[in-house]
>>> print(open('work.cif').read())   # mmCIF, C-alpha atoms
data_start
loop_
_atom_site.label_atom_id
_atom_site.label_comp_id
_atom_site.auth_asym_id
_atom_site.auth_seq_id
_atom_site.Cartn_x
_atom_site.Cartn_y
_atom_site.Cartn_z
CA MET A 7 86.60 21.28 32.02
CA VAL A 8 85.34 23.30 34.94
CA THR A 9 86.55 26.81 35.43
CA ASP A 10 85.98 29.15 38.29
CA ARG A 11 84.50 32.23 36.72
CA THR A 12 83.83 34.08 40.02
CA ARG A 13 87.50 34.19 40.79
CA THR A 14 88.34 35.84 37.52
CA ARG A 15 85.45 38.22 37.85
CA ARG A 16 86.66 39.46 41.23
CA THR A 17 90.09 40.24 39.98
CA ASP A 18 88.64 41.97 36.95
CA CYS A 19 86.50 44.37 39.03
CA SER A 20 89.31 45.79 41.12
CA SER A 21 91.09 48.63 39.46
CA GLU A 22 94.67 49.46 40.20
CA GLY A 23 94.16 53.31 40.51
CA ARG A 24 91.39 53.34 43.16
CA PRO A 25 92.22 53.10 46.91
CA ASP A 26 90.43 50.52 48.98
CA ARG A 27 87.21 51.52 50.69
CA GLY A 28 88.56 50.53 54.13
CA GLN A 29 91.35 53.08 53.94
CA VAL A 30 88.91 55.86 53.01
CA ILE A 31 86.66 54.99 55.96
CA LEU A 32 89.67 54.93 58.32
CA ILE A 33 90.89 58.35 57.16
CA GLY A 34 87.36 59.76 57.50
CA ALA A 35 87.03 58.40 61.04
CA ILE A 36 90.37 59.90 62.07
CA ALA A 37 89.40 63.29 60.59
CA LEU A 38 86.05 63.19 62.41
CA ALA A 39 87.81 62.34 65.69
CA PHE A 40 90.11 65.37 65.32
CA ILE A 41 87.14 67.64 64.62
CA ILE A 42 85.28 66.40 67.72
CA LEU A 43 88.43 66.78 69.82
CA GLY A 44 88.83 70.37 68.62
CA VAL A 45 85.22 71.22 69.51
CA VAL A 46 85.65 69.72 73.00
CA VAL A 47 88.86 71.70 73.62
CA VAL A 48 87.24 74.97 72.53
CA PHE A 49 84.12 74.31 74.62
CA ASN A 50 86.21 73.55 77.75
CA GLY A 51 88.22 76.72 77.19
CA VAL A 52 85.04 78.80 77.02
CA LEU A 53 83.65 77.20 80.19
CA TYR A 54 86.94 77.75 82.04
CA THR A 55 87.07 81.41 81.01
CA GLU A 56 83.45 81.93 82.05
CA THR A 57 84.11 80.32 85.43
CA LEU A 58 87.13 82.54 86.04
CA SER A 59 85.27 85.69 85.09
CA SER A 60 82.39 84.95 87.46
CA ALA A 61 84.58 84.01 90.44
CA ASP A 62 85.55 86.43 93.22
CA THR A 63 88.56 88.56 92.46
CA GLY A 64 90.01 88.13 95.93
CA GLN A 65 90.07 91.88 96.56
CA SER A 66 87.03 91.91 98.81
CA GLY A 67 87.34 91.74 102.57
CA SER A 68 86.19 88.85 104.69
CA ASP A 69 82.71 88.94 106.20
CA ALA A 70 84.11 89.63 109.65
CA GLU A 71 86.24 92.57 108.45
CA VAL A 72 83.34 94.07 106.53
CA THR A 73 81.03 93.65 109.51
CA GLU A 74 83.51 95.29 111.85
CA LEU A 75 83.96 98.23 109.48
CA GLU A 76 80.19 98.64 109.09
CA ILE A 77 79.76 98.68 112.86
CA GLU A 78 82.57 101.21 113.35
CA GLN A 79 81.20 103.52 110.66
CA GLY A 80 77.59 103.14 111.80
CA ILE A 81 78.27 103.85 115.46
CA GLY A 82 80.75 106.62 114.56
CA CYS A 83 78.09 108.39 112.50
CA LEU A 84 75.54 107.80 115.25
CA LEU A 85 77.84 109.39 117.84
CA GLU A 86 78.50 112.38 115.59
CA ARG A 87 74.77 112.91 115.07
CA LEU A 88 74.10 112.59 118.80
CA GLU A 89 76.80 115.16 119.55
CA ASP A 90 75.17 117.60 117.14
CA GLU A 91 71.63 117.03 118.50
CA HIS A 92 72.01 116.40 122.25
CA GLU A 93 75.03 118.29 123.55
CA ASP A 94 74.49 119.82 126.96
CA LYS A 95 76.07 123.03 128.23
CA GLU A 96 79.37 121.28 128.95
CA GLY A 97 79.61 119.84 125.43
CA ASP A 98 78.84 116.28 126.51
CA VAL A 99 76.10 113.91 125.43
CA ASN A 100 74.05 112.15 128.10
CA ASN A 101 75.40 108.62 128.67
CA THR A 102 71.86 107.16 128.75
CA ILE A 103 71.04 108.59 125.31
CA ILE A 104 74.21 107.04 123.85
CA LYS A 105 73.44 103.65 125.41
CA GLN A 106 69.83 103.67 124.11
CA ASN A 107 70.89 104.65 120.59
CA ILE A 108 73.65 102.03 120.43
CA SER A 109 71.17 99.37 121.62
CA SER A 110 68.73 100.47 118.92
CA PHE A 111 71.50 100.45 116.29
CA ALA A 112 72.54 96.94 117.40
CA GLU A 113 68.99 95.61 117.07
CA HIS A 114 68.50 97.14 113.61
CA TYR A 115 71.92 95.97 112.43
CA ARG A 116 71.30 92.40 113.65
CA ASN A 117 67.91 92.30 111.87
CA ALA A 118 69.37 93.68 108.64
CA THR A 119 72.26 91.21 108.52
CA ALA A 120 70.13 88.23 109.56
CA HIS A 121 68.10 88.59 106.36
CA SER A 122 71.13 88.74 104.08
CA SER A 123 73.62 86.25 105.52
CA PRO A 124 73.81 83.38 108.03
CA LYS A 125 75.62 85.17 110.84
CA ASP A 126 74.70 86.49 114.27
CA ILE A 127 76.13 89.76 115.50
CA HIS A 128 75.69 91.01 119.04
CA ILE A 129 76.73 94.60 119.82
CA GLU A 130 76.78 95.77 123.42
CA TYR A 131 77.67 99.14 124.91
CA VAL A 132 80.59 98.78 127.33
CA GLU A 133 81.71 102.24 128.42
CA GLU A 134 82.08 105.82 127.37
CA GLY A 135 85.41 107.57 127.30
CA THR A 136 86.03 111.28 127.08
CA GLU A 137 86.02 111.32 123.28
CA ASN A 138 85.05 107.80 122.29
CA VAL A 139 82.80 104.85 123.08
CA THR A 140 83.77 101.22 123.64
CA VAL A 141 81.44 98.50 122.39
CA SER A 142 81.70 94.73 122.55
CA VAL A 143 81.06 92.89 119.27
CA SER A 144 80.31 89.16 119.17
CA TYR A 145 80.38 87.70 115.67
CA THR A 146 79.11 84.16 115.07
CA SER A 147 78.86 82.41 111.70
CA SER A 148 79.26 78.87 110.42
CA ASP A 149 83.01 79.27 109.91
CA LEU A 150 84.09 81.96 112.41
CA ASN A 151 83.36 83.03 115.98
CA TYR A 152 84.98 85.95 117.76
CA ASP A 153 84.42 88.52 120.50
CA ARG A 154 86.12 91.87 120.24
CA GLU A 155 85.95 95.25 121.91
CA LEU A 156 86.02 98.23 119.57
CA THR A 157 86.82 101.77 120.62
CA ILE A 158 84.91 104.06 118.29
CA GLU A 159 85.29 107.80 117.89
CA PRO A 160 82.54 110.05 116.55
CA GLY A 161 82.80 110.69 112.82
CA CYS A 162 81.32 109.72 109.48
CA PRO A 163 83.42 108.87 106.44
CA ALA A 164 83.46 111.67 103.90
#
>>> encode(input="work.cif", output="structure tokens")
Amino acid sequence: MVTDRTRTRRTDCSSEGRPDRGQVILIGAIALAFIILGVVVVFNGVLYTETLSSADTGQSGSDAEVTELEIEQGIGCLLERLEDEHEDKEGDVNNTIIKQNISSFAEHYRNATAHSSPKDIHIEYVEEGTENVTVSVSYTSSDLNYDRELTIEPGCPA
């Protein structure tokens, strides 16, 4: 009589108390997937926090506002200095001296800003009042163009 010994051998090798190898591999793969998912979530959180900390806070002024303030303060200080240095007997400063100094300031300011940002600023002396000066400011950049007349009084910020 012929018996199938391999069949009996296979059933003899399996023990009732040991889990199958397939289940162990499946549980290991699921655990590994959760570990990788946790690392990805932590890494994204760190990148997001770093991006937020390096972004602008939104409390700075726009380029145009900053430029306008710089021009007002610069010409105001220039006028104050000219009043101290070039007053005549009547307490006035010669109109030609003011015009020359504002033209010089405009040229230096345009050169200084051209090296640091892509914008063109043109400052032109318009007229002198009794206690102030009016200048025309033309601001041109890739996202904004405007022309404005500023009336500036002598004085430097403290």
>>> closest_residue(input="work.cif", among="A:Val99, A:Val46, A:Ala39, A:Leu58", to="A:Glu137", atoms="all atoms listed in the file")
A:Val99
>>> atom_distance(input="work.cif", atom1="atom CA of A:Lys105", atom2="atom CA of A:Glu78")
15.3 Å
>>> atom_distance(input="work.cif", atom1="atom CA of A:Leu85", atom2="atom CA of A:Pro160")
4.9 Å
>>> atom_distance(input="work.cif", atom1="atom CA of A:Ile108", atom2="atom CA of A:His128")
11.3 Å
>>> resolve_selection(input="work.cif", expression="the PyMOL selection byres ((chain A and resi 162) around 10)", output="ChimeraX atom specification")
/A:78-87,159-161,163-164
>>> closest_residue(input="work.cif", among="A:Ala70, A:Ala120, A:Leu88, A:Ile31", to="A:Asn107", atoms="only C-alpha atoms")
A:Leu88
>>> resolve_selection(input="work.cif", expression="the PyMOL selection byres ((chain A and resi 141-150) around 6)", output="MDAnalysis selection string")
chainID A and resid 125:132 140 151:156
